[in-house]
file data_7.txt (compact mmCIF, C-alpha atoms (C1' of nucleotides))
# COMPACT_ATOMS: atom_id res chain seq x y z
CA MET L 1 -20.28 -16.05 -30.34
CA SER L 2 -21.56 -16.47 -26.80
CA GLY L 3 -20.19 -19.30 -24.71
CA ARG L 4 -20.50 -19.89 -21.02
CA PRO L 5 -22.49 -17.14 -19.34
CA LYS L 6 -20.87 -14.80 -16.85
CA ILE L 7 -21.68 -15.65 -13.28
CA PHE L 8 -21.55 -12.00 -12.24
CA ASN L 9 -22.94 -8.63 -13.18
CA GLU L 10 -20.26 -6.04 -13.87
CA GLU L 11 -22.11 -3.17 -12.22
CA GLU L 12 -22.75 -5.19 -9.10
CA ILE L 13 -19.15 -6.21 -8.63
CA LEU L 14 -18.08 -2.63 -9.32
CA ASP L 15 -20.32 -1.55 -6.46
CA LYS L 16 -18.56 -4.03 -4.21
CA ALA L 17 -15.17 -2.81 -5.39
CA ILE L 18 -16.21 0.78 -4.70
CA GLU L 19 -16.98 -0.16 -1.11
CA VAL L 20 -13.58 -1.76 -0.64
CA PHE L 21 -11.62 1.04 -2.30
CA TRP L 22 -13.60 3.68 -0.48
CA LYS L 23 -12.87 2.06 2.85
CA ASN L 24 -9.24 1.05 2.36
CA GLY L 25 -7.89 3.23 -0.39
CA TYR L 26 -6.03 1.89 -3.40
CA GLU L 27 -2.82 0.39 -2.04
CA ALA L 28 -4.36 -1.27 0.99
CA SER L 29 -7.06 -2.95 -1.09
CA SER L 30 -5.42 -6.20 -2.11
CA THR L 31 -6.77 -8.13 -5.06
CA GLU L 32 -7.60 -10.94 -2.68
CA ILE L 33 -9.81 -8.70 -0.54
CA LEU L 34 -11.38 -7.24 -3.65
CA LEU L 35 -12.12 -10.63 -5.19
CA ASP L 36 -13.59 -11.88 -1.93
CA ALA L 37 -15.86 -8.84 -1.75
CA MET L 38 -16.84 -9.13 -5.40
CA GLY L 39 -17.42 -12.86 -5.02
CA ILE L 40 -15.61 -13.89 -8.18
CA GLY L 41 -12.46 -15.84 -8.94
CA LYS L 42 -9.17 -14.62 -10.31
CA SER L 43 -9.64 -15.88 -13.84
CA SER L 44 -13.05 -14.30 -14.21
CA PHE L 45 -11.68 -11.08 -12.89
CA TYR L 46 -8.62 -10.89 -15.10
CA LEU L 47 -10.72 -11.82 -18.09
CA ALA L 48 -13.14 -8.97 -17.45
CA PHE L 49 -10.49 -6.50 -16.31
CA LYS L 50 -7.39 -7.00 -18.38
CA GLY L 51 -5.73 -4.09 -16.62
CA GLY L 52 -6.12 -5.83 -13.25
CA LYS L 53 -6.55 -3.89 -10.05
CA ARG L 54 -5.65 -0.59 -11.64
CA GLU L 55 -8.35 -0.83 -14.29
CA LEU L 56 -10.84 -1.93 -11.67
CA PHE L 57 -10.00 1.15 -9.65
CA GLU L 58 -10.52 3.44 -12.63
CA LYS L 59 -13.87 1.84 -13.41
CA ALA L 60 -14.86 2.05 -9.76
CA LEU L 61 -14.02 5.74 -9.60
CA GLU L 62 -16.04 6.38 -12.75
CA ARG L 63 -19.03 4.44 -11.54
CA ARG L 64 -18.96 6.06 -8.15
CA SER L 65 -18.89 9.46 -9.83
CA ASP L 66 -21.66 8.59 -12.27
CA LEU L 67 -23.93 7.32 -9.53
CA SER L 68 -23.39 10.09 -7.01
CA MET L 69 -23.39 12.94 -9.51
CA GLY L 70 -26.47 11.52 -11.19
CA LYS L 71 -28.28 11.34 -7.87
CA LEU L 72 -27.19 14.81 -6.83
CA GLN L 73 -28.21 16.32 -10.14
CA ARG L 74 -31.60 14.67 -9.97
CA GLU L 75 -32.19 15.90 -6.45
CA LEU L 76 -31.16 19.40 -7.45
CA ASP L 77 -33.47 19.32 -10.43
CA GLU L 78 -36.36 18.34 -8.21
CA SER L 79 -35.66 20.73 -5.38
CA GLU L 80 -37.60 23.92 -4.95
CA ASN L 81 -34.84 25.88 -3.29
CA LYS L 82 -31.43 24.85 -4.58
CA ILE L 83 -29.54 26.84 -1.97
CA GLU L 84 -31.35 25.16 0.87
CA PHE L 85 -30.79 21.82 -0.77
CA LEU L 86 -27.07 22.45 -1.12
CA LYS L 87 -26.88 23.35 2.54
CA SER L 88 -28.56 20.11 3.52
CA PHE L 89 -26.27 18.27 1.12
CA PHE L 90 -23.25 19.49 3.09
CA MET L 91 -24.93 18.82 6.39
CA GLU L 92 -25.49 15.22 5.41
CA VAL L 93 -21.75 14.64 5.58
CA LEU L 94 -21.97 15.21 9.33
CA ASP L 95 -24.46 12.39 9.72
CA PRO L 96 -22.64 9.56 11.54
CA SER L 97 -24.75 7.00 9.71
CA SER L 98 -23.54 8.19 6.30
CA LYS L 99 -20.71 6.29 4.67
CA ARG L 100 -18.88 9.51 4.12
CA PHE L 101 -18.72 10.10 7.84
CA LEU L 102 -16.22 7.30 8.22
CA ASN L 103 -14.69 7.12 4.78
CA GLY L 104 -14.64 10.69 3.54
CA CYS L 105 -14.83 11.37 -0.17
CA LEU L 106 -13.54 8.63 -2.46
CA MET L 107 -12.14 11.17 -4.91
CA GLY L 108 -10.51 13.31 -2.25
CA ASN L 109 -9.00 10.25 -0.61
CA SER L 110 -7.66 9.02 -3.93
CA ILE L 111 -6.10 12.38 -4.72
CA ALA L 112 -4.41 12.47 -1.34
CA GLU L 113 -3.14 8.91 -1.62
CA LEU L 114 -2.07 8.84 -5.25
CA ALA L 115 -0.88 12.37 -5.93
CA ASN L 116 2.74 11.27 -6.15
CA ILE L 117 2.20 7.57 -6.73
CA ASP L 118 0.15 7.42 -9.88
CA LEU L 119 -0.33 10.69 -11.71
CA GLU L 120 -2.86 9.23 -14.11
CA LEU L 121 -5.16 7.88 -11.42
CA LYS L 122 -4.83 11.07 -9.42
CA THR L 123 -5.75 13.10 -12.50
CA LYS L 124 -8.73 10.86 -13.10
CA ALA L 125 -9.95 11.35 -9.53
CA SER L 126 -9.39 15.10 -9.86
CA SER L 127 -11.39 15.40 -13.03
CA LEU L 128 -14.22 13.37 -11.55
CA LEU L 129 -14.20 15.59 -8.49
CA LEU L 130 -14.44 18.60 -10.79
CA ARG L 131 -17.79 17.26 -11.94
CA LEU L 132 -19.02 18.13 -8.49
CA GLU L 133 -17.80 21.68 -8.96
CA LYS L 134 -19.66 21.78 -12.27
CA VAL L 135 -22.88 20.59 -10.64
CA PHE L 136 -22.48 23.23 -7.94
CA ALA L 137 -21.87 25.89 -10.59
CA THR L 138 -24.96 25.19 -12.64
CA ALA L 139 -27.12 24.96 -9.54
CA LEU L 140 -25.78 28.27 -8.27
CA LYS L 141 -26.38 29.93 -11.62
CA GLU L 142 -29.95 28.76 -11.63
CA ALA L 143 -30.40 29.86 -8.05
CA LYS L 144 -29.06 33.26 -8.93
CA LYS L 145 -31.48 33.49 -11.80
CA ASP L 146 -34.51 32.50 -9.76
CA GLY L 147 -33.47 34.75 -6.89
CA THR L 148 -32.81 32.14 -4.19
CA LEU L 149 -29.10 33.01 -4.31
CA LYS L 150 -28.65 36.59 -3.28
CA ALA L 151 -24.85 36.60 -2.96
CA LYS L 152 -23.13 38.94 -5.37
CA GLU L 153 -20.18 36.63 -6.00
CA ASN L 154 -19.60 34.86 -9.27
CA PRO L 155 -21.26 31.39 -9.23
CA GLU L 156 -18.15 29.87 -10.80
CA LEU L 157 -16.08 31.17 -7.92
CA LEU L 158 -18.65 30.06 -5.38
CA ALA L 159 -18.63 26.58 -6.91
CA LYS L 160 -14.86 26.30 -6.44
CA TYR L 161 -15.33 27.65 -2.95
CA LEU L 162 -17.87 24.95 -2.20
CA LEU L 163 -15.62 22.25 -3.58
CA THR L 164 -12.87 23.36 -1.23
CA VAL L 165 -15.32 23.35 1.67
CA TRP L 166 -16.31 19.86 0.58
CA ASN L 167 -12.69 18.69 0.56
CA GLY L 168 -12.01 20.19 3.96
CA LEU L 169 -15.15 18.81 5.48
CA ASN L 170 -14.37 15.28 4.34
CA ILE L 171 -11.03 15.40 6.13
CA SER L 172 -12.32 17.25 9.18
CA ILE L 173 -15.10 14.77 9.93
CA ARG L 174 -12.35 12.25 10.59
CA VAL L 175 -10.46 14.66 12.80
CA TYR L 176 -13.39 15.65 15.00
CA PRO L 177 -15.09 12.56 16.37
CA ASP L 178 -18.14 14.59 17.36
CA PRO L 179 -20.14 15.90 14.39
CA LYS L 180 -21.71 18.56 16.60
CA LEU L 181 -18.38 20.33 16.73
CA LEU L 182 -18.34 20.73 12.97
CA LYS L 183 -21.92 21.88 12.49
CA PRO L 184 -21.29 25.54 13.32
CA ILE L 185 -18.18 25.43 11.14
CA VAL L 186 -20.11 24.21 8.13
CA GLU L 187 -22.81 26.79 8.77
CA LYS L 188 -20.19 29.48 8.84
CA GLN L 189 -18.64 28.22 5.62
CA LEU L 190 -22.01 28.17 3.92
CA GLN L 191 -22.87 31.71 4.92
CA VAL L 192 -21.57 32.82 1.53
CA LEU L 193 -24.74 31.30 0.12
CA GLU L 194 -26.95 33.67 2.10
CA MET U 195 28.43 0.92 27.95
CA SER U 196 29.23 2.40 24.59
CA GLY U 197 30.21 0.11 21.76
CA ARG U 198 30.40 0.74 18.05
CA PRO U 199 29.20 4.25 17.28
CA LYS U 200 26.05 4.85 15.31
CA ILE U 201 26.72 5.80 11.73
CA PHE U 202 23.58 7.94 11.58
CA ASN U 203 21.81 10.70 13.40
CA GLU U 204 18.27 9.84 14.37
CA GLU U 205 16.86 13.27 13.62
CA GLU U 206 18.46 13.35 10.21
CA ILE U 207 17.11 9.98 9.15
CA LEU U 208 13.70 10.95 10.50
CA ASP U 209 13.80 13.97 8.23
CA LYS U 210 14.49 11.68 5.30
CA ALA U 211 11.68 9.37 6.35
CA ILE U 212 9.33 12.35 6.59
CA GLU U 213 10.10 13.23 2.99
CA VAL U 214 9.34 9.71 1.81
CA PHE U 215 6.14 9.34 3.84
CA TRP U 216 4.96 12.79 2.87
CA LYS U 217 5.45 12.03 -0.78
CA ASN U 218 4.18 8.44 -0.95
CA GLY U 219 1.98 7.98 2.07
CA TYR U 220 2.32 5.08 4.48
CA GLU U 221 1.46 1.97 2.47
CA ALA U 222 3.36 2.94 -0.67
CA SER U 223 6.53 3.71 1.29
CA SER U 224 8.28 0.35 1.39
CA THR U 225 10.99 -0.24 3.97
CA GLU U 226 13.43 -0.61 1.12
CA ILE U 227 12.65 2.86 -0.23
CA LEU U 228 12.79 4.26 3.28
CA LEU U 229 16.12 2.63 4.10
CA ASP U 230 17.59 3.83 0.80
CA ALA U 231 16.48 7.37 1.54
CA MET U 232 17.72 7.21 5.12
CA GLY U 233 20.99 5.69 3.99
CA ILE U 234 21.14 2.99 6.62
CA GLY U 235 20.95 -0.80 6.59
CA LYS U 236 18.21 -3.05 7.86
CA SER U 237 19.93 -4.13 11.04
CA SER U 238 20.70 -0.58 12.09
CA PHE U 239 17.14 0.38 11.38
CA TYR U 240 15.46 -2.45 13.27
CA LEU U 241 17.82 -1.93 16.18
CA ALA U 242 16.86 1.73 16.43
CA PHE U 243 13.20 1.23 15.60
CA LYS U 244 12.03 -2.02 17.16
CA GLY U 245 8.54 -1.36 15.92
CA GLY U 246 9.73 -1.26 12.31
CA LYS U 247 8.03 0.86 9.70
CA ARG U 248 5.05 1.60 11.86
CA GLU U 249 7.15 3.05 14.68
CA LEU U 250 9.17 5.01 12.15
CA PHE U 251 5.96 6.50 10.80
CA GLU U 252 4.79 7.54 14.25
CA LYS U 253 8.12 9.17 15.03
CA ALA U 254 8.11 10.86 11.63
CA LEU U 255 4.63 12.27 12.23
CA GLU U 256 5.67 13.53 15.63
CA ARG U 257 8.85 15.14 14.38
CA ARG U 258 7.08 16.74 11.45
CA SER U 259 4.51 18.18 13.83
CA ASP U 260 7.13 19.38 16.30
CA LEU U 261 9.15 21.11 13.61
CA SER U 262 6.33 22.77 11.75
CA MET U 263 4.34 23.77 14.80
CA GLY U 264 7.47 25.10 16.47
CA LYS U 265 8.28 27.20 13.43
CA LEU U 266 4.72 28.46 13.09
CA GLN U 267 4.49 29.37 16.76
CA ARG U 268 7.79 31.25 16.60
CA GLU U 269 6.72 33.16 13.53
CA LEU U 270 3.44 34.05 15.16
CA ASP U 271 5.20 35.20 18.31
CA GLU U 272 7.42 37.48 16.27
CA SER U 273 4.73 38.84 13.98
CA GLU U 274 3.25 42.28 14.54
CA ASN U 275 -0.12 41.50 13.01
CA LYS U 276 -1.12 37.90 13.65
CA ILE U 277 -4.13 38.06 11.37
CA GLU U 278 -2.07 39.23 8.43
CA PHE U 279 0.49 36.57 9.20
CA LEU U 280 -2.14 33.84 9.27
CA LYS U 281 -3.41 35.00 5.89
CA SER U 282 0.06 34.79 4.41
CA PHE U 283 0.47 31.39 6.06
CA PHE U 284 -2.48 30.08 4.10
CA MET U 285 -1.37 31.79 0.92
CA GLU U 286 1.98 30.02 1.13
CA VAL U 287 0.24 26.74 0.42
CA LEU U 288 -0.53 28.07 -3.05
CA ASP U 289 3.15 28.59 -3.79
CA PRO U 290 4.14 25.97 -6.40
CA SER U 291 7.65 25.83 -4.98
CA SER U 292 6.39 24.76 -1.55
CA LYS U 293 6.44 21.08 -0.72
CA ARG U 294 2.86 21.28 0.34
CA PHE U 295 1.86 22.31 -3.15
CA LEU U 296 2.59 18.82 -4.42
CA ASN U 297 2.24 16.75 -1.31
CA GLY U 298 -0.50 18.40 0.67
CA CYS U 299 -0.50 18.09 4.44
CA LEU U 300 1.20 15.05 5.92
CA MET U 301 -1.37 14.79 8.69
CA GLY U 302 -4.35 15.26 6.39
CA ASN U 303 -2.98 12.71 3.96
CA SER U 304 -2.40 10.23 6.75
CA ILE U 305 -5.90 10.67 8.09
CA ALA U 306 -7.37 10.10 4.64
CA GLU U 307 -5.23 7.06 3.99
CA LEU U 308 -5.37 5.35 7.36
CA ALA U 309 -8.82 6.20 8.66
CA ASN U 310 -10.04 2.63 8.20
CA ILE U 311 -6.68 0.89 8.02
CA ASP U 312 -4.98 1.76 11.27
CA LEU U 313 -7.12 3.56 13.82
CA GLU U 314 -4.18 4.23 16.11
CA LEU U 315 -2.07 5.94 13.46
CA LYS U 316 -5.06 7.89 12.20
CA THR U 317 -5.80 9.05 15.74
CA LYS U 318 -2.18 10.07 16.17
CA ALA U 319 -2.26 12.11 12.96
CA SER U 320 -5.56 13.66 14.04
CA SER U 321 -4.26 14.73 17.41
CA LEU U 322 -1.14 16.20 15.84
CA LEU U 323 -3.30 18.11 13.37
CA LEU U 324 -5.31 19.43 16.30
CA ARG U 325 -2.14 21.12 17.51
CA LEU U 326 -2.53 23.37 14.50
CA GLU U 327 -6.03 24.25 15.62
CA LYS U 328 -4.64 25.05 19.04
CA VAL U 329 -1.98 27.35 17.57
CA PHE U 330 -4.65 29.09 15.52
CA ALA U 331 -6.85 29.47 18.59
CA THR U 332 -4.23 31.10 20.79
CA ALA U 333 -3.14 33.41 17.98
CA LEU U 334 -6.73 34.44 17.34
CA LYS U 335 -7.33 35.07 21.03
CA GLU U 336 -4.31 37.32 21.19
CA ALA U 337 -5.36 39.08 18.01
CA LYS U 338 -8.77 39.68 19.46
CA LYS U 339 -7.19 41.10 22.58
CA ASP U 340 -4.88 43.46 20.72
CA GLY U 341 -7.62 44.50 18.34
CA THR U 342 -6.24 43.12 15.07
CA LEU U 343 -9.07 40.60 14.96
CA LYS U 344 -12.36 42.44 14.72
CA ALA U 345 -14.60 39.46 13.96
CA LYS U 346 -17.20 38.82 16.61
CA GLU U 347 -16.99 35.05 16.36
CA ASN U 348 -15.54 32.89 19.07
CA PRO U 349 -11.78 32.32 18.45
CA GLU U 350 -12.20 28.63 19.26
CA LEU U 351 -14.78 28.32 16.53
CA LEU U 352 -12.68 30.34 14.12
CA ALA U 353 -9.72 28.07 14.81
CA LYS U 354 -11.76 25.01 13.87
CA TYR U 355 -12.99 26.88 10.84
CA LEU U 356 -9.40 27.61 9.81
CA LEU U 357 -8.39 24.00 10.26
CA THR U 358 -11.17 22.93 7.94
CA VAL U 359 -10.06 25.53 5.41
CA TRP U 360 -6.56 24.15 5.79
CA ASN U 361 -7.73 20.61 5.15
CA GLY U 362 -9.72 21.63 2.10
CA LEU U 363 -6.94 23.72 0.68
CA ASN U 364 -4.44 20.90 0.90
CA ILE U 365 -6.69 18.69 -1.19
CA SER U 366 -7.78 21.42 -3.57
CA ILE U 367 -4.25 22.44 -4.55
CA ARG U 368 -3.90 18.99 -6.05
CA VAL U 369 -7.21 19.30 -7.87
CA TYR U 370 -6.54 22.70 -9.44
CA PRO U 371 -3.24 22.66 -11.28
CA ASP U 372 -3.18 26.46 -11.43
CA PRO U 373 -2.74 28.10 -8.02
CA LYS U 374 -4.19 31.34 -9.37
CA LEU U 375 -7.58 29.67 -9.50
CA LEU U 376 -7.49 29.03 -5.78
CA LYS U 377 -6.26 32.42 -4.62
CA PRO U 378 -9.66 34.14 -4.69
CA ILE U 379 -11.14 31.10 -2.96
CA VAL U 380 -8.70 31.30 -0.11
CA GLU U 381 -9.24 35.03 0.17
CA LYS U 382 -12.95 34.43 0.39
CA GLN U 383 -12.47 31.76 3.04
CA LEU U 384 -10.27 34.07 5.08
CA GLN U 385 -12.72 36.95 5.01
CA VAL U 386 -13.99 35.75 8.38
CA LEU U 387 -10.77 37.13 9.78
CA GLU U 388 -11.61 40.68 8.63
C1' DA D 389 46.01 -6.45 24.85
C1' DA D 390 41.79 -8.63 26.23
C1' DT D 391 36.96 -8.06 27.12
C1' DA D 392 32.38 -6.17 27.18
C1' DT D 393 29.18 -3.61 24.60
C1' DT D 394 26.92 -1.82 20.81
C1' DT D 395 26.28 -1.24 15.76
C1' DT D 396 26.51 -2.90 11.14
C1' DG D 397 26.41 -5.83 6.69
C1' DT D 398 24.90 -9.96 4.55
C1' DA D 399 22.14 -13.65 3.99
C1' DC D 400 18.06 -15.43 4.87
C1' DT D 401 12.82 -16.24 5.96
C1' DG D 402 7.92 -16.88 5.51
C1' DA D 403 4.06 -14.55 4.01
C1' DA D 404 1.61 -11.72 0.82
C1' DT D 405 1.59 -9.39 -3.50
C1' DG D 406 -0.42 -8.99 -8.40
C1' DG D 407 -0.78 -11.81 -12.14
C1' DT D 408 -0.67 -16.40 -15.54
C1' DA D 409 -1.38 -21.11 -17.41
C1' DC D 410 -4.37 -24.32 -18.46
C1' DA D 411 -7.68 -27.82 -18.15
C1' DC D 412 -12.45 -28.01 -17.68
C1' DA D 413 -17.43 -26.31 -17.69
C1' DA D 414 -21.34 -24.12 -19.81
C1' DT D 415 -23.44 -22.07 -23.37
C1' DT D 416 -24.84 -21.16 -28.75
C1' DA D 417 -24.56 -22.17 -33.65
C1' DA D 418 -23.95 -25.57 -37.30
C1' DT Y 419 -24.28 -34.18 -31.68
C1' DT Y 420 -20.44 -31.86 -32.56
C1' DA Y 421 -17.70 -27.80 -32.78
C1' DA Y 422 -16.77 -23.17 -31.60
C1' DT Y 423 -16.76 -19.89 -28.11
C1' DT Y 424 -16.57 -17.88 -23.73
C1' DG Y 425 -16.21 -18.15 -18.63
C1' DT Y 426 -14.46 -20.44 -14.40
C1' DG Y 427 -11.54 -22.96 -10.74
C1' DT Y 428 -7.14 -24.58 -9.36
C1' DA Y 429 -2.53 -24.61 -9.30
C1' DC Y 430 1.16 -22.11 -10.05
C1' DC Y 431 4.71 -18.10 -10.62
C1' DA Y 432 8.13 -14.49 -9.77
C1' DT Y 433 8.48 -10.51 -7.05
C1' DT Y 434 8.14 -7.80 -3.22
C1' DC Y 435 6.95 -7.32 1.47
C1' DA Y 436 8.38 -6.55 6.47
C1' DG Y 437 11.29 -8.55 9.47
C1' DT Y 438 15.32 -11.97 11.71
C1' DA Y 439 19.71 -14.39 12.53
C1' DC Y 440 24.20 -14.03 13.11
C1' DA Y 441 28.85 -13.15 12.41
C1' DA Y 442 31.96 -9.38 11.98
C1' DA Y 443 33.29 -4.54 13.11
C1' DA Y 444 34.08 -0.63 15.97
C1' DT Y 445 34.28 1.52 20.09
C1' DA Y 446 35.12 2.06 25.68
C1' DT Y 447 36.71 -0.07 29.80
C1' DT Y 448 39.88 -2.83 32.30
call {"tool": "encode", "arguments": {"input": "data_7.txt", "output": "structure tokens"}}
result
Amino acid sequence: MSGRPKIFNEEEILDKAIEVFWKNGYEASSTEILLDAMGIGKSSFYLAFKGGKRELFEKALERRSDLSMGKLQRELDESENKIEFLKSFFMEVLDPSSKRFLNGCLMGNSIAELANIDLELKTKASSLLLRLEKVFATALKEAKKDGTLKAKENPELLAKYLLTVWNGLNISIRVYPDPKLLKPIVEKQLQVLE
Amino acid sequence: MSGRPKIFNEEEILDKAIEVFWKNGYEASSTEILLDAMGIGKSSFYLAFKGGKRELFEKALERRSDLSMGKLQRELDESENKIEFLKSFFMEVLDPSSKRFLNGCLMGNSIAELANIDLELKTKASSLLLRLEKVFATALKEAKKDGTLKAKENPELLAKYLLTVWNGLNISIRVYPDPKLLKPIVEKQLQVLE
DNA sequence: AATATTTTGTACTGAATGGTACACAATTAA
DNA sequence: TTAATTGTGTACCATTCAGTACAAAATATT
């Protein structure tokens, strides 16, 4: 059953692919660049990913979502004050040392790039981005229950609101070179959580 | 001095190019697709646009900005209540028959796509998008003067806030297939203008 | 009508694209 | 030790990419 062992670990090369796609987007990430980054040859790649670059992209989106949503959910579970945590979560985007500062949100970027190019991939990115809304929603519900969220608005609505803030922020950080300019904006946007 | 006459009008073919770039983005718009849409041949194109596709994209961005900012400024100048007009301006994005509903914002898309691919083009798109902030800012200042804007916040800050809302909205419309879902979100975001 | 000037259509180019073919290498099971 | 199985490296492929060369066409000037 098992012949020659794989020289690579699928999760590791997916992480490399995520970096490339996140930085360059889908179209501008050539298979050559991707293979270089992943450190594997063509035949290994096409054996593992029969669907080629497109399948790799789908898997990369999924893994990126799994990792970041898992981390976020864990942090929320551990946090005392979920509202304060959410605020810091948004503020992190303004940190010039964060990947997101330069690259924005992988899902948002993919939606913008592929909306009219590849409906299926765009829909995939959309649904993965909606996981973030879901995480926001449950956190807000819990915060409402434990009293840290005083706002009268529906948590479901607030979650959609936050997702839109998220989307805007990830574009705006690349418009305003100085993160200080955006800080008061984000604070203003997050006032609904007061 | 004047030889064979041009078979095309530069503004008209730029409008066609805008449509293509807006729909597909930069990378996925091949010169072939562009030339087909513009209805001209290669030699005519490269004679008029020595810089090729890249120059065409720059000119397209500029023209798109000129046209839309010109229109917006005119509408603002004519409007009685600038705050109400700005609200309707944002609500228009949610109209499924608007181009923006499917394609988002050309500048925002370009920033997302080219941020790490072509710094110069990304910077160009950014600075053109900042024109929108400028238009917002002057409108808000006037509204504050004439009393239609009651908010105590600095108009400059509010203008940046609106631009971020704009950026988020143009991603979110492609995440939420049903524009009704977004309407209350936008209303909430625009409450700062009350 | 001849000439200068500019634009256009066609054919071509070299490079890059995503993807295959296939012989060979490394492992496990018989 | 041999066979079966699976993975890898190299060479190759057709297509598409952005862009050029150049001759022919259409105009204005003389």
call {"tool": "interface_residues", "arguments": {"input": "data_7.txt", "of": "chain Y", "to": "chain U", "cutoff": "8 Å", "atoms": "all atoms listed in the file", "output": "count of residues only"}}
result
7
call {"tool": "axis_aligned_box", "arguments": {"input": "data_7.txt", "around": "range 37-56 of chain L", "padding_each_side": "6 Å", "output": "lines of an AutoDock Vina configuration file"}}
result
center_x = -11.5
center_y = -8.2
center_z = -10.1
size_x = 23.8
size_y = 27.3
size_z = 28.6
call {"tool": "residues_around", "arguments": {"input": "data_7.txt", "residues": "DA442 in chain Y", "least_positions_apart": "2", "cutoff": "10 Å", "atoms": "all atoms listed in the file", "output": "list of chain:residue names"}}
result
D:DT396, D:DG397, Y:DC440, Y:DA444
call {"tool": "write_last_selection", "arguments": {"input": "data_7.txt", "atoms": "C-alpha atoms (C1' of nucleotides)", "output": "compact mmCIF listing (two decimals), in the coordinates of the input"}}
result
# COMPACT_ATOMS: atom_id res chain seq x y z
C1' DT D 396 26.51 -2.90 11.14
C1' DG D 397 26.41 -5.83 6.69
C1' DC Y 440 24.20 -14.03 13.11
C1' DA Y 444 34.08 -0.63 15.97
call {"tool": "atom_distance", "arguments": {"input": "data_7.txt", "atom1": "CA of Glu213 in chain U", "atom2": "CA of Ile365 in chain U"}}
result
18.1 Å
call {"tool": "interface_residues", "arguments": {"input": "data_7.txt", "of": "chain U", "to": "chain L", "cutoff": "6 Å", "atoms": "only C-alpha atoms", "output": "list in words"}}
result
Asn303, Ala306, Ser320, Tyr355, Thr358, Val359, Asn361, Gly362, Ser366, Val369 and Ile379 of chain U
call {"tool": "atom_distance", "arguments": {"input": "data_7.txt", "atom1": "CA of Ile201 in chain U", "atom2": "C1' of DT401 in chain D"}}
result
26.7 Å
call {"tool": "atom_distance", "arguments": {"input": "data_7.txt", "atom1": "CA of Ser65 in chain L", "atom2": "CA of Ile18 in chain L"}}
result
10.4 Å
call {"tool": "closest_residue", "arguments": {"input": "data_7.txt", "among": "Y:DT438, Y:DA422, Y:DT448, Y:DC430", "to": "DA417 in chain D", "atoms": "only C-alpha atoms (C1' of nucleotides)"}}
result
Y:DA422
call {"tool": "closest_atom_pairs", "arguments": {"input": "data_7.txt", "of": "chain D", "to": "chain L", "cutoff": "10 Å", "atoms": "all atoms listed in the file", "output": "Markdown table"}}
result
| residue | atom | partner | partner_atom | distance |
| --- | --- | --- | --- | --- |
| D:DA404 | C1' | L:Ser30 | CA | 9.4 |
| D:DT405 | C1' | L:Ser30 | CA | 7.8 |
| D:DG406 | C1' | L:Thr31 | CA | 7.2 |
| D:DG407 | C1' | L:Gly52 | CA | 8.1 |
| D:DT408 | C1' | L:Ser43 | CA | 9.1 |
| D:DA413 | C1' | L:Arg4 | CA | 7.9 |
| D:DA414 | C1' | L:Arg4 | CA | 4.5 |
| D:DT415 | C1' | L:Arg4 | CA | 4.3 |
| D:DT416 | C1' | L:Ser2 | CA | 6.0 |
| D:DA417 | C1' | L:Met1 | CA | 8.2 |
call {"tool": "residues_near_point", "arguments": {"input": "data_7.txt", "point": "(-3.5, 31.9, -1.9)", "cutoff": "9 Å", "atoms": "only C-alpha atoms (C1' of nucleotides)", "output": "PyMOL selection string"}}
result
chain U and resi 281-289+373-381
call {"tool": "residues_around", "arguments": {"input": "data_7.txt", "residues": "Phe49 in chain L", "least_positions_apart": "5", "cutoff": "12 Å", "atoms": "all atoms listed in the file", "output": "PyMOL selection string"}}
result
(chain L and resi 10+13-14+31+35+42-44+54-60) or (chain D and resi 407)
call {"tool": "write_last_selection", "arguments": {"input": "data_7.txt", "atoms": "C-alpha atoms (C1' of nucleotides)", "output": "PDB file, in the coordinates of the input"}}
result
ATOM      1  CA  GLU L  10     -20.260  -6.040 -13.870  1.00  0.00           C
ATOM      2  CA  ILE L  13     -19.150  -6.210  -8.630  1.00  0.00           C
ATOM      3  CA  LEU L  14     -18.080  -2.630  -9.320  1.00  0.00           C
ATOM      4  CA  THR L  31      -6.770  -8.130  -5.060  1.00  0.00           C
ATOM      5  CA  LEU L  35     -12.120 -10.630  -5.190  1.00  0.00           C
ATOM      6  CA  LYS L  42      -9.170 -14.620 -10.310  1.00  0.00           C
ATOM      7  CA  SER L  43      -9.640 -15.880 -13.840  1.00  0.00           C
ATOM      8  CA  SER L  44     -13.050 -14.300 -14.210  1.00  0.00           C
ATOM      9  CA  ARG L  54      -5.650  -0.590 -11.640  1.00  0.00           C
ATOM     10  CA  GLU L  55      -8.350  -0.830 -14.290  1.00  0.00           C
ATOM     11  CA  LEU L  56     -10.840  -1.930 -11.670  1.00  0.00           C
ATOM     12  CA  PHE L  57     -10.000   1.150  -9.650  1.00  0.00           C
ATOM     13  CA  GLU L  58     -10.520   3.440 -12.630  1.00  0.00           C
ATOM     14  CA  LYS L  59     -13.870   1.840 -13.410  1.00  0.00           C
ATOM     15  CA  ALA L  60     -14.860   2.050  -9.760  1.00  0.00           C
TER      16      ALA L  60
ATOM     17  C1'  DG D 407      -0.780 -11.810 -12.140  1.00  0.00           C
TER      18       DG D 407
END
call {"tool": "closest_residue", "arguments": {"input": "data_7.txt", "among": "U:Lys276, U:Arg294, U:Lys344, U:Lys318", "to": "Ala331 in chain U", "atoms": "all atoms listed in the file"}}
result
U:Lys276
call {"tool": "residues_around", "arguments": {"input": "data_7.txt", "residues": "DA429 in chain Y", "least_positions_apart": "6", "cutoff": "12 Å", "atoms": "all atoms listed in the file", "output": "VMD selection string"}}
result
chain D and resid 408 to 411
